[in-house]
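One file, run.json, carrying JSON, C-alpha atoms:
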```
[["chain", "number", "residue", "atom", "x", "y", "z"],
["A", 851, "MET", "CA", -36.52, 114.22, 109.45],
["A", 852, "ILE", "CA", -38.70, 111.13, 109.55],
["A", 853, "TYR", "CA", -39.85, 110.11, 106.07],
["A", 854, "LEU", "CA", -42.57, 107.62, 105.38],
["A", 855, "ARG", "CA", -43.79, 106.52, 101.95],
["A", 856, "LEU", "CA", -46.60, 104.02, 101.65],
["A", 857, "PRO", "CA", -49.61, 102.99, 99.58],
["A", 858, "ALA", "CA", -52.62, 105.26, 99.93],
["A", 859, "SER", "CA", -54.80, 102.62, 101.54],
["A", 860, "LEU", "CA", -56.70, 102.59, 104.81],
["A", 861, "ALA", "CA", -54.93, 99.31, 105.56],
["A", 862, "TYR", "CA", -51.80, 101.39, 106.24],
["A", 863, "ARG", "CA", -53.49, 103.90, 108.52],
["A", 864, "ASP", "CA", -52.39, 102.16, 111.69],
["A", 865, "VAL", "CA", -48.77, 102.23, 110.52],
["A", 866, "VAL", "CA", -49.04, 105.99, 110.09],
["A", 867, "MET", "CA", -50.61, 106.39, 113.53],
["A", 868, "ARG", "CA", -47.82, 104.40, 115.18],
["A", 869, "VAL", "CA", -45.11, 106.47, 113.52],
["A", 870, "ILE", "CA", -46.85, 109.69, 114.53],
["A", 871, "SER", "CA", -47.06, 108.43, 118.13],
["A", 872, "GLY", "CA", -43.35, 107.76, 118.04],
["A", 873, "ALA", "CA", -42.63, 111.21, 116.64],
["A", 874, "CYS", "CA", -44.69, 112.82, 119.41],
["A", 875, "ALA", "CA", -42.76, 110.80, 121.98],
["A", 876, "LEU", "CA", -39.53, 112.00, 120.37],
["A", 877, "ALA", "CA", -40.66, 115.63, 120.51],
["A", 878, "SER", "CA", -41.65, 115.23, 124.15],
["A", 879, "SER", "CA", -38.32, 113.68, 125.07],
["A", 880, "LEU", "CA", -36.45, 116.46, 123.27],
["A", 881, "ARG", "CA", -38.38, 118.95, 125.35],
["A", 882, "GLU", "CA", -38.29, 117.17, 128.66],
["A", 883, "GLY", "CA", -34.94, 115.45, 128.35],
["A", 884, "VAL", "CA", -34.01, 111.86, 128.97],
["A", 885, "GLY", "CA", -36.43, 110.09, 131.26],
["A", 886, "ALA", "CA", -39.50, 111.89, 129.96],
["A", 887, "PRO", "CA", -42.66, 109.86, 129.48],
["A", 888, "LEU", "CA", -42.82, 108.02, 126.19],
["A", 889, "THR", "CA", -45.90, 109.94, 125.15],
["A", 890, "ASP", "CA", -47.36, 113.36, 125.75],
["A", 891, "GLY", "CA", -51.11, 112.76, 125.98],
["A", 892, "PRO", "CA", -52.62, 116.02, 124.76],
["A", 893, "LEU", "CA", -49.97, 116.59, 122.09],
["A", 894, "GLU", "CA", -50.15, 113.05, 120.77],
["A", 895, "GLU", "CA", -53.93, 112.90, 120.83],
["A", 896, "ARG", "CA", -54.31, 116.14, 118.89],
["A", 897, "VAL", "CA", -51.67, 115.31, 116.30],
["A", 898, "LEU", "CA", -53.06, 111.80, 115.82],
["A", 899, "SER", "CA", -56.54, 113.23, 115.29],
["A", 900, "ALA", "CA", -55.34, 115.65, 112.62],
["A", 901, "VAL", "CA", -53.04, 113.26, 110.76],
["A", 902, "GLY", "CA", -55.68, 110.54, 110.74],
["A", 903, "GLU", "CA", -58.08, 112.90, 108.99],
["A", 904, "ALA", "CA", -55.40, 114.01, 106.53],
["A", 905, "PHE", "CA", -54.57, 110.41, 105.63],
["A", 906, "ASN", "CA", -58.26, 109.57, 105.19],
["A", 907, "ASN", "CA", -58.66, 112.54, 102.87],
["A", 908, "VAL", "CA", -55.82, 111.40, 100.64],
["A", 909, "VAL", "CA", -57.13, 107.83, 100.42],
["A", 910, "LEU", "CA", -60.82, 108.60, 100.05],
["A", 911, "HIS", "CA", -60.81, 111.91, 98.19],
["A", 912, "ALA", "CA", -57.46, 112.60, 96.51],
["A", 913, "TYR", "CA", -57.12, 109.09, 95.06],
["A", 914, "ARG", "CA", -60.83, 108.20, 95.28],
["A", 915, "GLY", "CA", -60.20, 104.51, 95.69],
["A", 916, "THR", "CA", -57.58, 104.26, 92.93],
["A", 917, "HIS", "CA", -54.00, 103.20, 93.52],
["A", 918, "GLY", "CA", -51.55, 105.82, 94.64],
["A", 919, "GLU", "CA", -48.86, 106.63, 97.13],
["A", 920, "VAL", "CA", -48.65, 109.04, 100.00],
["A", 921, "ALA", "CA", -45.49, 110.42, 101.56],
["A", 922, "ILE", "CA", -45.39, 111.76, 105.08],
["A", 923, "GLU", "CA", -42.56, 113.98, 106.32],
["A", 924, "ILE", "CA", -42.26, 114.61, 110.04],
["A", 925, "GLU", "CA", -39.97, 117.08, 111.73],
["A", 926, "ALA", "CA", -40.03, 116.94, 115.51],
["A", 927, "SER", "CA", -38.19, 119.35, 117.77],
["A", 928, "ALA", "CA", -38.48, 120.51, 121.36],
["A", 929, "GLN", "CA", -40.61, 123.44, 120.17],
["A", 930, "GLN", "CA", -42.94, 121.95, 117.60],
["A", 931, "ILE", "CA", -43.90, 119.07, 115.41],
["A", 932, "GLU", "CA", -44.45, 119.67, 111.71],
["A", 933, "ILE", "CA", -46.02, 117.13, 109.39],
["A", 934, "ARG", "CA", -46.36, 117.28, 105.64],
["A", 935, "VAL", "CA", -48.71, 114.88, 103.87],
["A", 936, "ILE", "CA", -47.85, 114.66, 100.18],
["A", 937, "ASP", "CA", -49.88, 113.02, 97.41],
["A", 938, "PHE", "CA", -50.28, 113.06, 93.64],
["A", 939, "GLY", "CA", -54.04, 112.65, 93.60],
["A", 940, "VAL", "CA", -56.82, 115.11, 92.85],
["A", 941, "SER", "CA", -56.27, 118.51, 94.48],
["A", 942, "PHE", "CA", -58.89, 120.23, 96.57],
["A", 943, "ASP", "CA", -59.11, 123.81, 97.65],
["A", 944, "PRO", "CA", -59.62, 123.91, 101.42],
["A", 945, "THR", "CA", -60.79, 127.50, 101.23],
["A", 946, "HIS", "CA", -63.87, 126.18, 99.41],
["A", 947, "VAL", "CA", -64.65, 123.74, 102.18],
["A", 948, "PRO", "CA", -67.20, 125.39, 104.45],
["A", 949, "GLU", "CA", -67.08, 124.83, 108.16],
["A", 950, "PRO", "CA", -69.71, 122.22, 108.95],
["A", 951, "ALA", "CA", -72.99, 123.42, 110.40],
["A", 952, "LEU", "CA", -72.61, 121.37, 113.54],
["A", 953, "GLU", "CA", -76.12, 122.21, 114.68],
["A", 954, "ASP", "CA", -77.48, 120.35, 111.65],
["A", 955, "LEU", "CA", -75.89, 117.08, 112.81],
["A", 956, "PRO", "CA", -73.60, 116.61, 109.79],
["A", 957, "GLU", "CA", -72.54, 113.05, 109.15],
["A", 958, "SER", "CA", -69.57, 114.08, 107.02],
["A", 959, "GLY", "CA", -67.32, 117.05, 106.37],
["A", 960, "MET", "CA", -65.87, 117.14, 109.86],
["A", 961, "GLY", "CA", -62.38, 115.99, 108.94],
["A", 962, "LEU", "CA", -61.00, 119.40, 108.02],
["A", 963, "PHE", "CA", -62.73, 120.92, 111.05],
["A", 964, "ILE", "CA", -60.96, 118.43, 113.33],
["A", 965, "MET", "CA", -57.63, 119.17, 111.65],
["A", 966, "ARG", "CA", -58.07, 122.90, 112.12],
["A", 967, "ARG", "CA", -59.07, 122.52, 115.75],
["A", 968, "CYS", "CA", -56.29, 120.13, 116.71],
["A", 969, "MET", "CA", -53.33, 121.88, 115.04],
["A", 970, "ASP", "CA", -51.95, 125.40, 115.31],
["A", 971, "GLU", "CA", -51.39, 125.82, 111.57],
["A", 972, "VAL", "CA", -52.84, 123.98, 108.57],
["A", 973, "THR", "CA", -51.88, 125.01, 105.04],
["A", 974, "TYR", "CA", -52.44, 123.35, 101.68],
["A", 975, "ALA", "CA", -50.57, 123.77, 98.42],
["A", 976, "PRO", "CA", -52.24, 122.13, 95.42],
["A", 977, "GLY", "CA", -49.91, 120.15, 93.22],
["A", 978, "PRO", "CA", -48.83, 117.96, 91.82],
["A", 979, "PRO", "CA", -47.78, 117.07, 94.36],
["A", 980, "ASN", "CA", -50.41, 118.26, 96.78],
["A", 981, "VAL", "CA", -48.84, 119.20, 100.09],
["A", 982, "LEU", "CA", -50.83, 119.49, 103.29],
["A", 983, "ARG", "CA", -48.70, 121.01, 106.04],
["A", 984, "MET", "CA", -49.72, 120.85, 109.67],
["A", 985, "LEU", "CA", -47.88, 122.32, 112.61],
["A", 986, "LYS", "CA", -48.38, 121.89, 116.32],
["A", 987, "ARG", "CA", -46.41, 123.98, 118.76],
["A", 988, "ILE", "CA", -45.45, 122.21, 121.94],
["A", 989, "GLY", "CA", -46.38, 123.65, 125.27],
["A", 990, "GLU", "CA", -49.02, 125.97, 123.86],
["A", 991, "THR", "CA", -52.74, 125.61, 124.17],
["A", 992, "THR", "CA", -53.55, 127.77, 121.14],
["A", 993, "GLN", "CA", -56.13, 126.43, 118.76],
["A", 994, "GLY", "CA", -55.98, 126.16, 115.02],
["A", 995, "GLU", "CA", -55.46, 129.21, 112.89],
["A", 996, "GLY", "CA", -57.33, 127.67, 110.02],
["A", 997, "VAL", "CA", -56.40, 126.70, 106.51],
["A", 998, "SER", "CA", -54.84, 129.14, 104.15],
["B", 292, "MET", "CA", -63.69, 96.54, 116.08],
["B", 293, "ASN", "CA", -65.15, 94.36, 118.84],
["B", 294, "MET", "CA", -68.71, 95.06, 119.94],
["B", 295, "GLN", "CA", -70.69, 93.81, 122.90],
["B", 296, "ARG", "CA", -74.41, 94.45, 123.09],
["B", 297, "SER", "CA", -76.64, 94.08, 126.12],
["B", 298, "GLN", "CA", -80.17, 95.20, 126.81],
["B", 299, "ARG", "CA", -82.62, 95.51, 129.66],
["B", 300, "MET", "CA", -86.31, 96.23, 129.77],
["B", 301, "THR", "CA", -87.47, 99.21, 131.81],
["B", 302, "ALA", "CA", -90.87, 100.77, 132.46],
["B", 303, "ARG", "CA", -90.09, 103.19, 129.61],
["B", 304, "GLY", "CA", -89.09, 100.46, 127.19],
["B", 305, "GLU", "CA", -85.92, 98.77, 126.04],
["B", 306, "VAL", "CA", -82.55, 100.28, 126.98],
["B", 307, "ILE", "CA", -79.62, 99.02, 124.92],
["B", 308, "ARG", "CA", -75.95, 99.29, 125.75],
["B", 309, "LEU", "CA", -73.33, 98.89, 123.02],
["B", 310, "ARG", "CA", -69.72, 98.64, 124.07],
["B", 311, "LEU", "CA", -67.16, 99.31, 121.36],
["B", 312, "GLU", "CA", -63.55, 98.27, 121.56],
["B", 313, "GLY", "CA", -60.76, 99.15, 119.15],
["B", 314, "THR", "CA", -60.46, 101.87, 116.54],
["B", 315, "LEU", "CA", -63.62, 103.56, 115.27],
["B", 316, "ASP", "CA", -62.50, 104.97, 111.95],
["B", 317, "ALA", "CA", -63.14, 104.90, 108.21],
["B", 318, "SER", "CA", -62.22, 101.20, 108.16],
["B", 319, "SER", "CA", -64.62, 100.08, 110.88],
["B", 320, "SER", "CA", -67.42, 102.64, 110.67],
["B", 321, "ALA", "CA", -69.54, 100.48, 108.30],
["B", 322, "GLN", "CA", -69.47, 97.60, 110.78],
["B", 323, "VAL", "CA", -70.60, 99.85, 113.62],
["B", 324, "SER", "CA", -73.20, 101.50, 111.42],
["B", 325, "HIS", "CA", -74.67, 98.07, 110.65],
["B", 326, "ALA", "CA", -74.84, 97.22, 114.36],
["B", 327, "CYS", "CA", -76.58, 100.54, 115.05],
["B", 328, "ASP", "CA", -79.08, 99.85, 112.24],
["B", 329, "GLU", "CA", -80.01, 96.59, 113.94],
["B", 330, "ILE", "CA", -80.39, 98.33, 117.29],
["B", 331, "LEU", "CA", -82.57, 101.07, 115.84],
["B", 332, "ALA", "CA", -84.84, 98.47, 114.26],
["B", 333, "SER", "CA", -85.89, 97.43, 117.76],
["B", 334, "ARG", "CA", -86.86, 101.05, 118.55],
["B", 335, "PRO", "CA", -85.12, 101.31, 121.95],
["B", 336, "VAL", "CA", -86.03, 104.18, 124.26],
["B", 337, "GLU", "CA", -82.35, 104.70, 125.01],
["B", 338, "LEU", "CA", -79.00, 103.70, 123.54],
["B", 339, "THR", "CA", -75.85, 103.91, 125.64],
["B", 340, "LEU", "CA", -72.64, 103.89, 123.64],
["B", 341, "ASP", "CA", -69.78, 102.79, 125.84],
["B", 342, "LEU", "CA", -66.60, 104.11, 124.23],
["B", 343, "SER", "CA", -64.26, 103.19, 127.09],
["B", 344, "GLY", "CA", -62.59, 100.60, 124.87],
["B", 345, "VAL", "CA", -62.16, 102.94, 121.88],
["B", 346, "SER", "CA", -58.56, 104.06, 121.55],
["B", 347, "LEU", "CA", -58.95, 106.13, 118.38],
["B", 348, "ILE", "CA", -61.84, 107.76, 116.54],
["B", 349, "ASP", "CA", -61.98, 109.83, 113.35],
["B", 350, "SER", "CA", -64.60, 111.88, 111.56],
["B", 351, "ALA", "CA", -66.06, 108.76, 109.91],
["B", 352, "GLY", "CA", -66.59, 107.25, 113.37],
["B", 353, "VAL", "CA", -68.09, 110.46, 114.66],
["B", 354, "GLY", "CA", -70.34, 110.47, 111.59],
["B", 355, "VAL", "CA", -71.80, 107.08, 112.52],
["B", 356, "ILE", "CA", -72.56, 108.31, 116.03],
["B", 357, "VAL", "CA", -74.12, 111.51, 114.73],
["B", 358, "SER", "CA", -76.23, 109.59, 112.22],
["B", 359, "THR", "CA", -77.42, 107.16, 114.89],
["B", 360, "TYR", "CA", -78.20, 110.02, 117.22],
["B", 361, "GLY", "CA", -80.24, 111.77, 114.53],
["B", 362, "ARG", "CA", -82.34, 108.65, 113.93],
["B", 363, "LEU", "CA", -82.81, 108.06, 117.66],
["B", 364, "ARG", "CA", -84.06, 111.60, 117.94],
["B", 365, "GLU", "CA", -86.69, 110.87, 115.30],
["B", 366, "LEU", "CA", -87.87, 108.05, 117.56],
["B", 367, "ASN", "CA", -87.91, 110.42, 120.56],
["B", 368, "SER", "CA", -85.24, 108.18, 122.07],
["B", 369, "LEU", "CA", -82.13, 109.12, 124.02],
["B", 370, "MET", "CA", -78.44, 108.57, 123.45],
["B", 371, "THR", "CA", -75.82, 108.51, 126.17],
["B", 372, "ILE", "CA", -72.10, 108.31, 125.44],
["B", 373, "THR", "CA", -69.92, 106.98, 128.23],
["B", 374, "GLY", "CA", -66.27, 106.16, 128.74],
["B", 375, "LEU", "CA", -64.72, 108.91, 126.63],
["B", 376, "ARG", "CA", -60.99, 109.13, 127.29],
["B", 377, "GLY", "CA", -57.77, 109.88, 125.48],
["B", 378, "GLN", "CA", -57.96, 110.81, 121.80],
["B", 379, "PRO", "CA", -61.75, 110.26, 121.47],
["B", 380, "ARG", "CA", -62.24, 112.67, 124.39],
["B", 381, "VAL", "CA", -60.15, 115.29, 122.55],
["B", 382, "VAL", "CA", -62.25, 114.93, 119.39],
["B", 383, "PHE", "CA", -65.57, 115.15, 121.24],
["B", 384, "ASP", "CA", -64.33, 118.14, 123.23],
["B", 385, "GLU", "CA", -63.57, 119.90, 119.94],
["B", 386, "LEU", "CA", -67.06, 119.05, 118.69],
["B", 387, "LYS", "CA", -68.76, 120.37, 121.82],
["B", 388, "ARG", "CA", -70.51, 123.06, 119.86],
["B", 389, "PHE", "CA", -72.31, 120.37, 117.92],
["B", 390, "PHE", "CA", -73.69, 118.89, 121.09],
["B", 391, "LYS", "CA", -74.36, 122.24, 122.73],
["B", 392, "GLY", "CA", -76.73, 123.20, 119.95],
["B", 393, "GLU", "CA", -78.89, 120.26, 120.84],
["B", 394, "ARG", "CA", -81.03, 120.77, 123.88],
["B", 395, "SER", "CA", -81.74, 117.07, 124.07],
["B", 396, "GLY", "CA", -78.46, 115.99, 122.49],
["B", 397, "PRO", "CA", -76.44, 112.97, 123.43],
["B", 398, "LYS", "CA", -75.47, 112.99, 127.06],
["B", 399, "LEU", "CA", -71.70, 112.75, 127.46],
["B", 400, "VAL", "CA", -70.75, 110.95, 130.64]]
```
Once you've parsed the file, please lay out its structure as structure tokens.
Amino acid sequence: MIYLRLPASLAYRDVVMRVISGACALASSLREGVGAPLTDGPLEERVLSAVGEAFNNVVLHAYRGTHGEVAIEIEASAQQIEIRVIDFGVSFDPTHVPEPALEDLPESGMGLFIMRRCMDEVTYAPGPPNVLRMLKRIGETTQGEGVS
Amino acid sequence: MNMQRSQRMTARGEVIRLRLEGTLDASSSAQVSHACDEILASRPVELTLDLSGVSLIDSAGVGVIVSTYGRLRELNSLMTITGLRGQPRVVFDELKRFFKGERSGPKLV
């Protein structure tokens, strides 16, 4: 398992993105064997999109600008990549987050929508600690099953 | 976030092109929003957002684009988005429904 623990600050977002890219490359190489490309475009792009939103949510909403830490656990295999984003900030109930009315040109509230669309499974367990679990199966084109 | 702005005058009015380069996310969205505010103040007939240099976008970045589009629409002006590739293309593909609902929505090139 890859384990990352860092301050909940947007300044560290790029570090998270780079580690996620590496994990996607690892998953791709496990699937394709030695000599596989370093990255798998669609897989990496979807996982990066979802994890970026999850990290933003922790920084901006769970900790609301106060100091805190976030832990990220990544398990990559040939079949799937699973990511858990763990924080000790304010919990939120995703089931109370309505899907944005895209026709109304929303300027916010799209983060969870992007997470749902880019991953196959998204679940949230309120804490402490709060644990957001996201799973992407490799080699499947299925879309998100939503938050439960 | 690096930004390059250019403009040309047409028979319809001023057409502005804004090329963005880097990551358009919660950290840089305020900077881009400010640039868009300045552009909107000149009431262009069309704004082309060139995202070919954007490697990563998140919902905050999308929010700036949506906000700018909404205000352009109030001016009866157009928005065109060009150069979508990689992760930003994935995000905009997932948000297609948002653009589909708009008969005169931003044109994705």
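Between CA of Ile931 (chain A) and CA of Pro857 (chain A) the interatomic distance comes to 23.3 Å.
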Met294 (chain B): which residues within 9 Å, counting all atoms listed in the file, same-chain residues fewer than 6 positions away excluded, as a PyMOL selection string? chain B and resi 309-313+323+326
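You can rank A:Leu893, A:Val901, A:Ala858, A:Val908 by their closest distance to Ile348 (chain B) using only C-alpha atoms, and at the top of that list sits A:Val901.
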Skipping near chain neighbours, those fewer than 6 positions away, what residues fall within 10 Å of Leu347 (chain B) using only C-alpha atoms, listed as a list in words? Met867, Glu895, Leu898, Ser899 and Gly902 of chain A; Glu312, Gly313, Thr314, Leu315, Asp316, Arg376, Gly377, Gln378, Pro379, Arg380 and Val382 of chain B
Which residues of chain B are close to chain A, meaning at most 12 Å apart when you count all atoms listed in the file, and how do they look as a ChimeraX atom specification? /B:313-320,324,346-362,364,376-394,396-397
Can you sort out the box for region 870-883 of chain A, edges along x, y and z, all listed atoms in, 6 Å on every side, with centre and edge lengths in Å to one decimal, as JSON?
```
{"center_x": -41.0, "center_y": 113.4, "center_z": 121.6, "size_x": 24.1, "size_y": 23.2, "size_z": 26.1}
```
Quick one: everything within 7 Å of Leu399 (chain B), counting all atoms listed in the file, minus sequence neighbours fewer than 3 positions away in the same chain. Send it as JSON, numbers by chain. {"B": [371, 372, 373]}
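Within the 6 Å cut-off around Glu923 (chain A), using all atoms listed in the file and omitting residues fewer than 4 positions from it on the same chain, the listed residues are Ile852, Tyr853, Ile933 and Arg934 of chain A.
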Expected file contents, prior selection, C-alpha atoms, as a PDB file, in the frame of the given file:
```
ATOM      1  CA  ILE A 852     -38.700 111.130 109.550  1.00  0.00           C
ATOM      2  CA  TYR A 853     -39.850 110.110 106.070  1.00  0.00           C
ATOM      3  CA  ILE A 933     -46.020 117.130 109.390  1.00  0.00           C
ATOM      4  CA  ARG A 934     -46.360 117.280 105.640  1.00  0.00           C
TER       5      ARG A 934
END
```
Could you jot down the CA of Leu982 (chain A) to CA of Arg868 (chain A) separation for me, Å, one decimal place? 19.4 Å
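If you look at CA of Ala904 (chain A) and CA of Gly939 (chain A), they are 13.1 Å away from each other.
Nearest to Ile924 (chain A) of all the residues A:Glu949, A:Gly977, A:Arg983, A:Tyr862 is A:Arg983, counting all atoms listed in the file.
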